[in-house]
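Here is entry_5.tsv, consisting of TSV, N, CA and C atoms:
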chain	number	residue	atom	x	y	z
U	1	HIS	N	236.12	-83.46	31.33
U	1	HIS	CA	235.58	-84.50	30.51
U	1	HIS	C	234.30	-84.02	29.82
U	2	GLU	N	233.44	-83.37	30.61
U	2	GLU	CA	232.18	-82.88	30.04
U	2	GLU	C	232.43	-81.84	28.95
U	3	GLN	N	233.41	-80.97	29.17
U	3	GLN	CA	233.70	-79.95	28.17
U	3	GLN	C	234.26	-80.58	26.89
U	4	LEU	N	235.11	-81.58	27.02
U	4	LEU	CA	235.60	-82.28	25.84
U	4	LEU	C	234.44	-82.93	25.08
U	5	GLN	N	233.52	-83.54	25.81
U	5	GLN	CA	232.37	-84.17	25.17
U	5	GLN	C	231.51	-83.15	24.43
U	6	GLN	N	231.34	-81.97	25.01
U	6	GLN	CA	230.56	-80.93	24.35
U	6	GLN	C	231.21	-80.47	23.04
U	7	LEU	N	232.53	-80.66	22.96
U	7	LEU	CA	233.27	-80.31	21.74
U	7	LEU	C	233.47	-81.53	20.83
U	8	ALA	N	232.78	-82.61	21.14
U	8	ALA	CA	232.81	-83.87	20.37
U	8	ALA	C	234.16	-84.58	20.48
U	9	TYR	N	234.79	-84.49	21.65
U	9	TYR	CA	236.04	-85.18	21.93
U	9	TYR	C	235.92	-85.99	23.21
U	10	VAL	N	236.83	-86.93	23.38
U	10	VAL	CA	237.01	-87.61	24.66
U	10	VAL	C	238.50	-87.57	24.97
U	11	TYR	N	238.82	-87.75	26.25
U	11	TYR	CA	240.22	-87.78	26.63
U	11	TYR	C	240.92	-88.89	25.84
U	12	GLY	N	242.05	-88.55	25.25
U	12	GLY	CA	242.78	-89.50	24.44
U	12	GLY	C	242.70	-89.18	22.96
U	13	ASP	N	241.73	-88.35	22.57
U	13	ASP	CA	241.60	-87.97	21.16
U	13	ASP	C	242.72	-87.03	20.70
U	14	LEU	N	243.26	-86.27	21.61
U	14	LEU	CA	244.25	-85.26	21.25
U	14	LEU	C	245.66	-85.85	21.27
U	15	ASN	N	246.50	-85.40	20.35
U	15	ASN	CA	247.85	-85.94	20.23
U	15	ASN	C	248.65	-85.85	21.52
U	16	ALA	N	248.47	-84.77	22.27
U	16	ALA	CA	249.22	-84.61	23.51
U	16	ALA	C	248.96	-85.73	24.48
U	17	HIS	N	247.74	-86.23	24.51
U	17	HIS	CA	247.41	-87.31	25.44
U	17	HIS	C	248.23	-88.56	25.12
U	18	ASN	N	248.33	-88.92	23.88
U	18	ASN	CA	249.07	-90.11	23.50
U	18	ASN	C	250.58	-89.88	23.61
U	19	GLY	N	251.02	-88.68	23.35
U	19	GLY	CA	252.45	-88.38	23.43
U	19	GLY	C	253.03	-88.64	24.81
U	20	LEU	N	252.27	-88.31	25.84
U	20	LEU	CA	252.74	-88.57	27.20
U	20	LEU	C	252.91	-90.07	27.43
U	21	TRP	N	251.95	-90.85	26.96
U	21	TRP	CA	252.03	-92.30	27.14
U	21	TRP	C	253.19	-92.87	26.35
U	22	GLU	N	253.34	-92.44	25.11
U	22	GLU	CA	254.44	-92.95	24.28
U	22	GLU	C	255.79	-92.66	24.92
U	23	MET	N	255.97	-91.47	25.47
U	23	MET	CA	257.25	-91.15	26.11
U	23	MET	C	257.42	-91.94	27.41
U	24	ALA	N	256.35	-92.18	28.14
U	24	ALA	CA	256.45	-93.00	29.35
U	24	ALA	C	256.93	-94.40	29.00
U	25	VAL	N	256.42	-94.96	27.91
U	25	VAL	CA	256.85	-96.29	27.47
U	25	VAL	C	258.31	-96.24	27.02
U	26	LYS	N	258.66	-95.22	26.25
U	26	LYS	CA	260.02	-95.09	25.72
U	26	LYS	C	261.06	-94.94	26.83
U	27	THR	N	260.65	-94.37	27.97
U	27	THR	CA	261.60	-94.12	29.06
U	27	THR	C	261.40	-95.06	30.24
U	28	ALA	N	260.64	-96.14	30.05
U	28	ALA	CA	260.30	-97.04	31.15
U	28	ALA	C	261.53	-97.71	31.79
U	29	HIS	N	262.63	-97.74	31.09
U	29	HIS	CA	263.82	-98.43	31.59
U	29	HIS	C	264.62	-97.62	32.60
U	30	ASP	N	264.31	-96.31	32.76
U	30	ASP	CA	265.15	-95.49	33.64
U	30	ASP	C	264.36	-94.31	34.18
U	31	VAL	N	264.17	-94.26	35.49
U	31	VAL	CA	263.40	-93.19	36.11
U	31	VAL	C	264.02	-91.81	35.87
U	32	LEU	N	265.33	-91.73	35.84
U	32	LEU	CA	266.00	-90.45	35.58
U	32	LEU	C	265.59	-89.90	34.22
U	33	ILE	N	265.63	-90.74	33.23
U	33	ILE	CA	265.28	-90.32	31.87
U	33	ILE	C	263.79	-89.96	31.81
U	34	ARG	N	262.97	-90.76	32.46
U	34	ARG	CA	261.54	-90.46	32.47
U	34	ARG	C	261.25	-89.12	33.12
U	35	MET	N	261.89	-88.83	34.25
U	35	MET	CA	261.65	-87.56	34.94
U	35	MET	C	262.16	-86.37	34.12
U	36	ALA	N	263.20	-86.59	33.34
U	36	ALA	CA	263.69	-85.51	32.48
U	36	ALA	C	262.70	-85.22	31.36
U	37	LEU	N	262.12	-86.26	30.79
U	37	LEU	CA	261.35	-86.08	29.56
U	37	LEU	C	259.84	-85.98	29.72
U	38	VAL	N	259.25	-86.75	30.61
U	38	VAL	CA	257.78	-86.69	30.71
U	38	VAL	C	257.35	-85.39	31.40
U	39	PRO	N	257.70	-85.18	32.65
U	39	PRO	CA	257.24	-83.93	33.26
U	39	PRO	C	258.01	-82.70	32.77
U	40	ARG	N	259.33	-82.82	32.60
U	40	ARG	CA	260.14	-81.63	32.35
U	40	ARG	C	260.22	-81.22	30.89
U	41	VAL	N	259.73	-82.06	29.99
U	41	VAL	CA	259.63	-81.66	28.58
U	41	VAL	C	258.16	-81.60	28.17
U	42	LEU	N	257.49	-82.73	28.21
U	42	LEU	CA	256.13	-82.78	27.67
U	42	LEU	C	255.12	-82.02	28.54
U	43	GLU	N	255.11	-82.30	29.84
U	43	GLU	CA	254.17	-81.58	30.69
U	43	GLU	C	254.56	-80.11	30.81
U	44	ALA	N	255.84	-79.81	30.80
U	44	ALA	CA	256.29	-78.42	30.88
U	44	ALA	C	255.86	-77.62	29.66
U	45	ARG	N	255.71	-78.30	28.53
U	45	ARG	CA	255.22	-77.60	27.33
U	45	ARG	C	253.82	-77.05	27.57
U	46	GLY	N	253.04	-77.76	28.38
U	46	GLY	CA	251.72	-77.26	28.75
U	46	GLY	C	251.80	-75.95	29.53
U	47	LEU	N	252.86	-75.77	30.31
U	47	LEU	CA	253.05	-74.51	31.02
U	47	LEU	C	253.19	-73.35	30.05
U	48	ASP	N	253.82	-73.62	28.91
U	48	ASP	CA	254.06	-72.57	27.91
U	48	ASP	C	252.84	-72.34	27.03
U	49	ALA	N	252.17	-73.42	26.67
U	49	ALA	CA	251.08	-73.33	25.69
U	49	ALA	C	249.75	-72.88	26.29
U	50	THR	N	249.53	-73.15	27.56
U	50	THR	CA	248.22	-72.88	28.14
U	50	THR	C	247.88	-71.39	28.26
U	51	PRO	N	248.77	-70.52	28.72
U	51	PRO	CA	248.38	-69.10	28.83
U	51	PRO	C	247.90	-68.46	27.52
U	52	PRO	N	248.55	-68.70	26.38
U	52	PRO	CA	248.00	-68.13	25.14
U	52	PRO	C	246.63	-68.70	24.77
U	53	ILE	N	246.41	-69.98	25.07
U	53	ILE	CA	245.11	-70.58	24.80
U	53	ILE	C	244.06	-69.93	25.70
U	54	ILE	N	244.40	-69.72	26.96
U	54	ILE	CA	243.49	-69.05	27.89
U	54	ILE	C	243.13	-67.67	27.35
U	55	ALA	N	244.11	-66.93	26.87
U	55	ALA	CA	243.85	-65.58	26.34
U	55	ALA	C	242.89	-65.63	25.16
U	56	LYS	N	243.06	-66.60	24.27
U	56	LYS	CA	242.17	-66.73	23.11
U	56	LYS	C	240.75	-67.08	23.55
U	57	LEU	N	240.64	-67.96	24.53
U	57	LEU	CA	239.31	-68.35	25.02
U	57	LEU	C	238.64	-67.19	25.75
U	58	GLN	N	239.43	-66.40	26.49
U	58	GLN	CA	238.86	-65.23	27.15
U	58	GLN	C	238.31	-64.24	26.12
U	59	ALA	N	239.07	-64.07	25.04
U	59	ALA	CA	238.63	-63.16	23.98
U	59	ALA	C	237.32	-63.62	23.35
U	60	GLN	N	237.05	-64.91	23.39
U	60	GLN	CA	235.81	-65.47	22.85
U	60	GLN	C	234.74	-65.63	23.93
U	61	ASN	N	235.05	-65.16	25.13
U	61	ASN	CA	234.12	-65.21	26.26
U	61	ASN	C	233.70	-66.64	26.60
U	62	LEU	N	234.64	-67.56	26.54
U	62	LEU	CA	234.40	-68.96	26.88
U	62	LEU	C	234.91	-69.23	28.30
U	63	GLN	N	234.23	-68.63	29.26
U	63	GLN	CA	234.71	-68.59	30.63
U	63	GLN	C	234.84	-69.97	31.27
U	64	THR	N	233.96	-70.89	30.97
U	64	THR	CA	234.06	-72.22	31.55
U	64	THR	C	235.36	-72.89	31.12
U	65	LEU	N	235.69	-72.79	29.85
U	65	LEU	CA	236.95	-73.36	29.38
U	65	LEU	C	238.15	-72.65	29.98
U	66	VAL	N	238.06	-71.33	30.13
U	66	VAL	CA	239.14	-70.56	30.76
U	66	VAL	C	239.38	-71.07	32.18
U	67	GLU	N	238.31	-71.25	32.93
U	67	GLU	CA	238.44	-71.72	34.32
U	67	GLU	C	239.04	-73.12	34.38
U	68	ILE	N	238.64	-73.97	33.47
U	68	ILE	CA	239.19	-75.33	33.43
U	68	ILE	C	240.69	-75.28	33.14
U	69	LEU	N	241.07	-74.49	32.15
U	69	LEU	CA	242.50	-74.41	31.80
U	69	LEU	C	243.32	-73.74	32.89
U	70	GLN	N	242.74	-72.83	33.64
U	70	GLN	CA	243.47	-72.23	34.77
U	70	GLN	C	243.75	-73.28	35.84
U	71	ILE	N	242.79	-74.15	36.09
U	71	ILE	CA	243.00	-75.24	37.04
U	71	ILE	C	244.08	-76.19	36.52
U	72	ILE	N	243.98	-76.53	35.25
U	72	ILE	CA	244.97	-77.44	34.65
U	72	ILE	C	246.37	-76.83	34.71
U	73	LEU	N	246.49	-75.54	34.41
U	73	LEU	CA	247.80	-74.87	34.47
U	73	LEU	C	248.36	-74.91	35.89
U	74	HIS	N	247.54	-74.60	36.86
U	74	HIS	CA	247.97	-74.64	38.26
U	74	HIS	C	248.45	-76.05	38.63
U	75	ASP	N	247.65	-77.05	38.28
U	75	ASP	CA	248.01	-78.44	38.59
U	75	ASP	C	249.26	-78.87	37.85
U	76	GLU	N	249.42	-78.40	36.62
U	76	GLU	CA	250.58	-78.79	35.81
U	76	GLU	C	251.88	-78.28	36.42
U	77	ILE	N	251.85	-77.10	37.01
U	77	ILE	CA	253.04	-76.60	37.70
U	77	ILE	C	253.45	-77.60	38.78
U	78	GLY	N	252.49	-78.10	39.52
U	78	GLY	CA	252.78	-79.10	40.55
U	78	GLY	C	253.32	-80.39	39.97
U	79	HIS	N	252.75	-80.85	38.85
U	79	HIS	CA	253.23	-82.08	38.22
U	79	HIS	C	254.68	-81.93	37.77
U	80	VAL	N	254.97	-80.82	37.12
U	80	VAL	CA	256.33	-80.59	36.64
U	80	VAL	C	257.29	-80.44	37.82
U	81	ALA	N	256.84	-79.78	38.88
U	81	ALA	CA	257.69	-79.62	40.07
U	81	ALA	C	258.05	-80.96	40.69
U	82	ILE	N	257.08	-81.87	40.75
U	82	ILE	CA	257.37	-83.21	41.28
U	82	ILE	C	258.40	-83.90	40.41
U	83	GLY	N	258.23	-83.81	39.10
U	83	GLY	CA	259.21	-84.39	38.18
U	83	GLY	C	260.58	-83.76	38.34
U	84	SER	N	260.62	-82.45	38.54
U	84	SER	CA	261.90	-81.76	38.73
U	84	SER	C	262.59	-82.23	40.00
U	85	ARG	N	261.82	-82.35	41.07
U	85	ARG	CA	262.43	-82.81	42.34
U	85	ARG	C	263.02	-84.22	42.19
U	86	TRP	N	262.26	-85.13	41.55
U	86	TRP	CA	262.77	-86.48	41.38
U	86	TRP	C	263.94	-86.52	40.40
U	87	PHE	N	263.90	-85.69	39.38
U	87	PHE	CA	265.01	-85.63	38.44
U	87	PHE	C	266.29	-85.19	39.16
U	88	VAL	N	266.20	-84.13	39.94
U	88	VAL	CA	267.37	-83.64	40.68
U	88	VAL	C	267.85	-84.69	41.68
U	89	HIS	N	266.90	-85.36	42.33
U	89	HIS	CA	267.26	-86.42	43.28
U	89	HIS	C	268.01	-87.55	42.58
U	90	CYS	N	267.50	-87.99	41.44
U	90	CYS	CA	268.16	-89.07	40.69
U	90	CYS	C	269.54	-88.63	40.21
U	91	CYS	N	269.66	-87.39	39.79
U	91	CYS	CA	270.97	-86.88	39.37
U	91	CYS	C	271.94	-86.91	40.55
U	92	ALA	N	271.50	-86.49	41.72
U	92	ALA	CA	272.36	-86.48	42.91
U	92	ALA	C	272.82	-87.90	43.26
U	93	GLU	N	271.91	-88.86	43.16
U	93	GLU	CA	272.28	-90.25	43.44
U	93	GLU	C	273.35	-90.77	42.50
U	94	ARG	N	273.38	-90.25	41.28
U	94	ARG	CA	274.33	-90.71	40.27
U	94	ARG	C	275.50	-89.75	40.07
U	95	ASN	N	275.59	-88.76	40.93
U	95	ASN	CA	276.65	-87.75	40.83
U	95	ASN	C	276.66	-87.07	39.46
U	96	LEU	N	275.48	-86.69	38.99
U	96	LEU	CA	275.33	-86.00	37.71
U	96	LEU	C	274.88	-84.56	37.95
U	97	MET	N	275.31	-83.67	37.09
U	97	MET	CA	274.87	-82.28	37.14
U	97	MET	C	273.51	-82.18	36.44
U	98	PRO	N	272.48	-81.71	37.11
U	98	PRO	CA	271.14	-81.68	36.52
U	98	PRO	C	271.04	-80.91	35.20
U	99	GLU	N	271.63	-79.72	35.13
U	99	GLU	CA	271.47	-78.91	33.92
U	99	GLU	C	272.06	-79.60	32.70
U	100	THR	N	273.28	-80.10	32.82
U	100	THR	CA	273.91	-80.73	31.66
U	100	THR	C	273.28	-82.09	31.35
U	101	THR	N	272.85	-82.79	32.39
U	101	THR	CA	272.19	-84.08	32.18
U	101	THR	C	270.87	-83.88	31.47
U	102	PHE	N	270.11	-82.87	31.87
U	102	PHE	CA	268.84	-82.58	31.22
U	102	PHE	C	269.05	-82.30	29.73
U	103	GLN	N	270.01	-81.45	29.41
U	103	GLN	CA	270.27	-81.12	28.01
U	103	GLN	C	270.68	-82.35	27.21
U	104	ARG	N	271.52	-83.18	27.81
U	104	ARG	CA	271.98	-84.40	27.12
U	104	ARG	C	270.82	-85.35	26.85
U	105	LEU	N	269.97	-85.54	27.85
U	105	LEU	CA	268.85	-86.47	27.70
U	105	LEU	C	267.82	-85.95	26.70
U	106	VAL	N	267.57	-84.66	26.70
U	106	VAL	CA	266.65	-84.08	25.72
U	106	VAL	C	267.20	-84.32	24.32
U	107	ALA	N	268.47	-84.05	24.12
U	107	ALA	CA	269.08	-84.24	22.80
U	107	ALA	C	269.04	-85.72	22.39
U	108	GLN	N	269.21	-86.61	23.33
U	108	GLN	CA	269.28	-88.04	23.03
U	108	GLN	C	267.90	-88.67	22.80
U	109	TYR	N	266.89	-88.26	23.55
U	109	TYR	CA	265.62	-88.98	23.55
U	109	TYR	C	264.44	-88.22	22.95
U	110	PHE	N	264.52	-86.90	22.85
U	110	PHE	CA	263.37	-86.13	22.41
U	110	PHE	C	263.58	-85.67	20.98
U	111	THR	N	262.63	-86.02	20.12
U	111	THR	CA	262.79	-85.70	18.70
U	111	THR	C	262.06	-84.43	18.28
U	112	GLY	N	261.22	-83.88	19.15
U	112	GLY	CA	260.49	-82.66	18.80
U	112	GLY	C	261.30	-81.41	19.10
U	113	ASP	N	260.64	-80.30	18.99
U	113	ASP	CA	261.24	-79.02	19.31
U	113	ASP	C	260.79	-78.54	20.68
U	114	ILE	N	261.73	-77.98	21.41
U	114	ILE	CA	261.41	-77.25	22.64
U	114	ILE	C	261.79	-75.81	22.33
U	115	LYS	N	260.78	-75.02	22.01
U	115	LYS	CA	261.09	-73.68	21.54
U	115	LYS	C	260.27	-72.63	22.29
U	116	PRO	N	260.82	-71.44	22.34
U	116	PRO	CA	260.09	-70.34	22.98
U	116	PRO	C	258.82	-70.03	22.22
U	117	PRO	N	257.93	-69.30	22.85
U	117	PRO	CA	258.10	-68.62	24.14
U	117	PRO	C	257.89	-69.60	25.30
U	118	PHE	N	258.65	-69.35	26.35
U	118	PHE	CA	258.55	-70.15	27.56
U	118	PHE	C	257.82	-69.35	28.64
U	119	ASN	N	257.03	-70.03	29.44
U	119	ASN	CA	256.39	-69.42	30.58
U	119	ASN	C	257.41	-69.47	31.71
U	120	ILE	N	258.29	-68.48	31.73
U	120	ILE	CA	259.42	-68.47	32.65
U	120	ILE	C	258.96	-68.58	34.10
U	121	GLU	N	257.97	-67.79	34.47
U	121	GLU	CA	257.49	-67.80	35.85
U	121	GLU	C	257.01	-69.20	36.26
U	122	ALA	N	256.22	-69.83	35.41
U	122	ALA	CA	255.70	-71.16	35.73
U	122	ALA	C	256.82	-72.20	35.74
U	123	ARG	N	257.74	-72.10	34.80
U	123	ARG	CA	258.84	-73.07	34.76
U	123	ARG	C	259.75	-72.93	35.98
U	124	LEU	N	260.01	-71.70	36.40
U	124	LEU	CA	260.81	-71.51	37.62
U	124	LEU	C	260.06	-72.07	38.84
U	125	ALA	N	258.76	-71.83	38.91
U	125	ALA	CA	257.95	-72.36	40.02
U	125	ALA	C	257.93	-73.88	40.00
U	126	ALA	N	258.11	-74.47	38.82
U	126	ALA	CA	258.08	-75.93	38.66
U	126	ALA	C	259.46	-76.56	38.78
U	127	GLY	N	260.47	-75.79	39.17
U	127	GLY	CA	261.76	-76.38	39.47
U	127	GLY	C	262.84	-76.25	38.42
U	128	PHE	N	262.57	-75.56	37.33
U	128	PHE	CA	263.64	-75.32	36.36
U	128	PHE	C	264.59	-74.27	36.93
U	129	SER	N	265.86	-74.42	36.63
U	129	SER	CA	266.82	-73.40	37.03
U	129	SER	C	266.90	-72.33	35.94
U	130	GLN	N	267.38	-71.18	36.32
U	130	GLN	CA	267.57	-70.11	35.34
U	130	GLN	C	268.54	-70.57	34.25
U	131	ALA	N	269.56	-71.31	34.64
U	131	ALA	CA	270.55	-71.81	33.66
U	131	ALA	C	269.87	-72.74	32.64
U	132	GLU	N	268.98	-73.60	33.09
U	132	GLU	CA	268.28	-74.49	32.16
U	132	GLU	C	267.42	-73.69	31.19
U	133	LEU	N	266.73	-72.69	31.69
U	133	LEU	CA	265.88	-71.88	30.82
U	133	LEU	C	266.70	-71.12	29.80
U	134	GLU	N	267.83	-70.60	30.22
U	134	GLU	CA	268.72	-69.91	29.28
U	134	GLU	C	269.24	-70.87	28.22
U	135	GLN	N	269.59	-72.07	28.63
U	135	GLN	CA	270.08	-73.07	27.67
U	135	GLN	C	268.99	-73.48	26.68
U	136	LEU	N	267.77	-73.65	27.16
U	136	LEU	CA	266.67	-73.98	26.26
U	136	LEU	C	266.47	-72.88	25.23
U	137	SER	N	266.58	-71.64	25.66
U	137	SER	CA	266.40	-70.51	24.74
U	137	SER	C	267.50	-70.45	23.70
U	138	VAL	N	268.69	-70.83	24.07
U	138	VAL	CA	269.82	-70.81	23.13
U	138	VAL	C	269.72	-71.95	22.13
U	139	ASN	N	269.30	-73.12	22.60
U	139	ASN	CA	269.28	-74.32	21.76
U	139	ASN	C	268.21	-74.29	20.69
U	140	LYS	N	267.12	-73.57	20.88
U	140	LYS	CA	266.03	-73.66	19.91
U	140	LYS	C	265.74	-72.32	19.30
Any chance you could give the structure as structure tokens?
Amino acid sequence: HEQLQQLAYVYGDLNAHNGLWEMAVKTAHDVLIRMALVPRVLEARGLDATPPIIAKLQAQNLQTLVEILQIILHDEIGHVAIGSRWFVHCCAERNLMPETTFQRLVAQYFTGDIKPPFNIEARLAAGFSQAELEQLSVNK
């Protein structure tokens, strides 16, 4: 919060902050859909985007921001992993295959792009299967 303020921002000023809320509202009718899209699409995008941002900040010697983003990246893996576990659980309850269900729900509910590069290591740690990652790479 303090670092955002030093940059003349507050939490909520950035599009990503509102995007999470908008998708939560859009998927409020079904926990399966919410788990597919909020943690496994929107929060997972943070897994991909954060390492290049960290590298740019390191190059500018902005160590405080680097440390903050490293904490956020670590925490985000946990957030996505929780979403992945609940997504798989909901799929099992409904006798659905997680990989194909994920692809179908992304196509049906998500209007943006999910495109490489992907942080494969972080996504695998967060519960994505290799098959899902391969499918994401093919689709975009």
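In this comparison, which uses only N, CA and C atoms, the residue of U:Leu136, U:Leu73, U:Ile33, U:Val38 approaching Thr50 (chain U) most closely is U:Leu73.
Between Asp48 (chain U) and the residues U:Gln103, U:Glu134, U:Ile77, U:Glu2, the shortest atom-to-atom distance, using only C-alpha atoms, involves U:Ile77.
Interatomic distance, CA of Leu57 (chain U) against atom C of Phe118 (chain U): 18.9 Å.
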All helix (DSSP H, G or I) positions in region 24-140 of chain U, as a PyMOL selection string
chain U and resi 24-26+31-59+63-93+98-109+120-125+130-139
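Between atom C of Gln58 (chain U) and CA of Gln70 (chain U) lies a distance of 12.9 Å.
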If I take CA of Pro39 (chain U) and CA of His79 (chain U), how far is one from the other in Å, to one decimal?
6.6 Å
Which residue gives the smallest distance to Arg45 (chain U) among U:Thr101, U:Thr27, U:Gln130, U:Asn119, with only N, CA and C atoms counted?
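Answer, going by the shortest atom-to-atom distance: U:Asn119.
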Closest of U:Val10, U:Leu37, U:Val80, U:Asn95 to Ala24 (chain U) - atom-to-atom distances counting only N, CA and C atoms:
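Result for the nearest residue to Ala24 (chain U): U:Leu37.
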For Pro98 (chain U), which residue out of U:Ala122, U:Leu62, U:Ala44, U:Ala36 is the nearest one, using only C-alpha atoms?
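Selected residue with least distance to Pro98 (chain U): U:Ala36.
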Top pick for closest residue to Leu47 (chain U), considering U:Met23, U:Ala92, U:Ile120, U:Ile68 and counting all atoms listed in the file:
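Answer, going by the shortest atom-to-atom distance: U:Ile120.
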Saving region 92-100 of chain U with all heavy atoms, as a PDB file, in the first residue's frame, what would that file be?
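Wrote it out as part02.pdb, contents follow:
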ATOM      1  N   ALA U  92     -14.893 -33.138 -10.004  1.00  0.00           N
ATOM      2  CA  ALA U  92     -15.101 -34.519  -9.551  1.00  0.00           C
ATOM      3  C   ALA U  92     -16.535 -34.720  -9.063  1.00  0.00           C
ATOM      4  O   ALA U  92     -17.164 -35.745  -9.370  1.00  0.00           O
ATOM      5  CB  ALA U  92     -14.106 -34.870  -8.448  1.00  0.00           C
ATOM      6  N   GLU U  93     -17.060 -33.742  -8.336  1.00  0.00           N
ATOM      7  CA  GLU U  93     -18.447 -33.842  -7.857  1.00  0.00           C
ATOM      8  C   GLU U  93     -19.446 -33.923  -9.004  1.00  0.00           C
ATOM      9  O   GLU U  93     -20.510 -34.520  -8.866  1.00  0.00           O
ATOM     10  CB  GLU U  93     -18.797 -32.631  -6.994  1.00  0.00           C
ATOM     11  CG  GLU U  93     -18.218 -32.662  -5.615  1.00  0.00           C
ATOM     12  CD  GLU U  93     -18.745 -31.520  -4.757  1.00  0.00           C
ATOM     13  OE1 GLU U  93     -19.074 -30.439  -5.294  1.00  0.00           O
ATOM     14  OE2 GLU U  93     -18.831 -31.734  -3.542  1.00  0.00           O
ATOM     15  N   ARG U  94     -19.112 -33.317 -10.133  1.00  0.00           N
ATOM     16  CA  ARG U  94     -20.023 -33.279 -11.280  1.00  0.00           C
ATOM     17  C   ARG U  94     -19.632 -34.262 -12.380  1.00  0.00           C
ATOM     18  O   ARG U  94     -20.195 -34.216 -13.478  1.00  0.00           O
ATOM     19  CB  ARG U  94     -20.062 -31.856 -11.852  1.00  0.00           C
ATOM     20  CG  ARG U  94     -20.544 -30.835 -10.838  1.00  0.00           C
ATOM     21  CD  ARG U  94     -20.536 -29.447 -11.398  1.00  0.00           C
ATOM     22  NE  ARG U  94     -20.667 -28.446 -10.342  1.00  0.00           N
ATOM     23  CZ  ARG U  94     -20.879 -27.168 -10.552  1.00  0.00           C
ATOM     24  NH1 ARG U  94     -20.990 -26.706 -11.789  1.00  0.00           N
ATOM     25  NH2 ARG U  94     -20.981 -26.329  -9.543  1.00  0.00           N
ATOM     26  N   ASN U  95     -18.668 -35.113 -12.083  1.00  0.00           N
ATOM     27  CA  ASN U  95     -18.181 -36.090 -13.062  1.00  0.00           C
ATOM     28  C   ASN U  95     -17.711 -35.423 -14.354  1.00  0.00           C
ATOM     29  O   ASN U  95     -18.036 -35.871 -15.458  1.00  0.00           O
ATOM     30  CB  ASN U  95     -19.240 -37.156 -13.358  1.00  0.00           C
ATOM     31  CG  ASN U  95     -19.499 -38.023 -12.147  1.00  0.00           C
ATOM     32  OD1 ASN U  95     -18.567 -38.428 -11.453  1.00  0.00           O
ATOM     33  ND2 ASN U  95     -20.762 -38.269 -11.867  1.00  0.00           N
ATOM     34  N   LEU U  96     -16.946 -34.348 -14.203  1.00  0.00           N
ATOM     35  CA  LEU U  96     -16.404 -33.617 -15.345  1.00  0.00           C
ATOM     36  C   LEU U  96     -14.889 -33.789 -15.390  1.00  0.00           C
ATOM     37  O   LEU U  96     -14.238 -33.883 -14.349  1.00  0.00           O
ATOM     38  CB  LEU U  96     -16.729 -32.130 -15.234  1.00  0.00           C
ATOM     39  CG  LEU U  96     -18.209 -31.749 -15.210  1.00  0.00           C
ATOM     40  CD1 LEU U  96     -18.376 -30.271 -14.848  1.00  0.00           C
ATOM     41  CD2 LEU U  96     -18.845 -32.060 -16.554  1.00  0.00           C
ATOM     42  N   MET U  97     -14.338 -33.797 -16.577  1.00  0.00           N
ATOM     43  CA  MET U  97     -12.889 -33.849 -16.754  1.00  0.00           C
ATOM     44  C   MET U  97     -12.334 -32.436 -16.602  1.00  0.00           C
ATOM     45  O   MET U  97     -12.757 -31.532 -17.344  1.00  0.00           O
ATOM     46  CB  MET U  97     -12.538 -34.408 -18.130  1.00  0.00           C
ATOM     47  CG  MET U  97     -12.976 -35.847 -18.340  1.00  0.00           C
ATOM     48  SD  MET U  97     -12.216 -36.990 -17.178  1.00  0.00           S
ATOM     49  CE  MET U  97     -10.493 -36.757 -17.541  1.00  0.00           C
ATOM     50  N   PRO U  98     -11.420 -32.202 -15.671  1.00  0.00           N
ATOM     51  CA  PRO U  98     -10.927 -30.846 -15.418  1.00  0.00           C
ATOM     52  C   PRO U  98     -10.325 -30.148 -16.643  1.00  0.00           C
ATOM     53  O   PRO U  98     -10.630 -28.974 -16.878  1.00  0.00           O
ATOM     54  CB  PRO U  98      -9.882 -31.036 -14.317  1.00  0.00           C
ATOM     55  CG  PRO U  98     -10.305 -32.273 -13.610  1.00  0.00           C
ATOM     56  CD  PRO U  98     -10.890 -33.157 -14.683  1.00  0.00           C
ATOM     57  N   GLU U  99      -9.484 -30.844 -17.403  1.00  0.00           N
ATOM     58  CA  GLU U  99      -8.815 -30.174 -18.520  1.00  0.00           C
ATOM     59  C   GLU U  99      -9.807 -29.683 -19.568  1.00  0.00           C
ATOM     60  O   GLU U  99      -9.743 -28.541 -20.006  1.00  0.00           O
ATOM     61  CB  GLU U  99      -7.766 -31.086 -19.172  1.00  0.00           C
ATOM     62  CG  GLU U  99      -6.512 -31.258 -18.351  1.00  0.00           C
ATOM     63  CD  GLU U  99      -6.568 -32.452 -17.405  1.00  0.00           C
ATOM     64  OE1 GLU U  99      -7.618 -33.134 -17.347  1.00  0.00           O
ATOM     65  OE2 GLU U  99      -5.556 -32.690 -16.713  1.00  0.00           O
ATOM     66  N   THR U 100     -10.730 -30.539 -19.967  1.00  0.00           N
ATOM     67  CA  THR U 100     -11.683 -30.127 -21.003  1.00  0.00           C
ATOM     68  C   THR U 100     -12.701 -29.126 -20.455  1.00  0.00           C
ATOM     69  O   THR U 100     -13.119 -28.219 -21.172  1.00  0.00           O
ATOM     70  CB  THR U 100     -12.410 -31.343 -21.611  1.00  0.00           C
ATOM     71  OG1 THR U 100     -13.018 -32.106 -20.565  1.00  0.00           O
ATOM     72  CG2 THR U 100     -11.437 -32.227 -22.392  1.00  0.00           C
TER      73      THR U 100
END
